[in-house]
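Here the structure is laid out as structure tokens; the discussion comes afterwards.
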Amino acid sequence: IDRMTTYTQLLANCPIVKNEMNRFSQYPIGYSFNTVCIGANIKTTLDQIGAHHVRLNLSEKPIHDKHQSEWEKILSIRFCHFANSSAAPPGHSALVLSSISHYTDWQEFAVDSDEYHTPAYEQKKKEICKTMIAKAETIIPGLSAAITYCDMSTPLTIRRWTAAPLGGRSGGYYATPGMISRFLSEESSIRNLYFAGQFATGRQGVNGALQSGKCTAALILGDKKLGK
């Protein structure tokens, strides 16, 4: 659970946390992703592709502009079978396509209890998935005809299964350079209440969550060396 949700749901009536809530509100949740996982009856090799992870968006424009077309938001392909041969049988490929997305792009499909699998939601997924595969075919000709497995996640998927605020995938981000001086601690104003994780402190990604957990443990154990 994230820090702001803890305050809002459990401690909303405690005056002592108001200042921290105000500080945390200045760390907006970053953008999210659409992700398509594909198994295909098509052979790809490093000699053909050149890298495990191929960037598809070569634009110098900001990639997080929510008003960009879906084609421009498509970022990359990760070839999982290059790093892990068990990801696909011989002669097949296991791919992960990703594109920038925003929770608000999908919010109209969110209903009570996160039961959002409506026909309209599935249709939008299908359309964007088709667009992402078409862009991947600029690297892998014939991909769409060779697909044997395909599944897609959206910011709503991330929100449902991880409880990440707004389907965010990489913690918060700094809206202005000066915000780094207002970085939140794992410690709180409430006795014996600590936070750990990328959404607890505004750190980003797996590395940020690990560092946060280390700092939290150091605070609880009183071990300054552990936190360094």
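If you're wondering about the labels, chains in the structure tokens are A, B, ... by order shown, residues count from 1 in each chain, ligands from 1 in order shown.
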Please extract the residues of stretch 41-203 of chain A with a backbone DSSP assignment of alpha helix (DSSP H) and present them as a ChimeraX atom specification. /A:46-49,70-73,80-83,103-106,119-136,143-146,155-162,198-201
Write out as a PyMOL selection string all residues of chain A that DSSP puts in strand (DSSP E or B) for this structure's backbone. chain A and resi 29+32-40+53-55+74-79+93-101+147-153+172+187+194
Can you pull out the residues contacting A:Cys37? Cut-off 12 Å, using only C-alpha atoms, and skip same-chain residues under 2 positions away; I want them as a PyMOL selection string. chain A and resi 34-35+39-40+77-80+87+93-98+129+132-133+136+147-154
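Using only C-alpha atoms, the nearest neighbour of A:His67 within the list A:Ala196, A:Leu226, A:Ile139, A:Ile100 is A:Ile100.
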Nearest to A:Thr5 among A:Ser185, A:Trp161, A:Phe195, A:His53, with distances taken over only C-alpha atoms: which residue is it? A:Phe195
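Between atom CA of A:Arg159 and atom CA of A:Gln9 there is a distance of 17.0 Å.
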Neighbouring residues of stretch 43-50 of chain A were defined as those with any atom within 10 Å, considering only C-alpha atoms; residues of the same chain fewer than 4 positions away were excluded. Please report them as number ranges by chain. A: 54, 79, 81-82, 89-94, 139-140, 143, 146
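Nearest residue to A:Ile74, choosing from A:Arg191, A:Arg3, A:Arg203, A:Arg55 and counting only C-alpha atoms: A:Arg55.
Take the candidates A:Gln68, A:Ser188, A:Asn207, A:Thr6 and check each one against A:His102 using only C-alpha atoms; the shortest distance goes to A:Gln68.
The two atoms in question, atom CA of A:Lys73 and atom CA of A:Tyr121, are spaced 19.1 Å apart.
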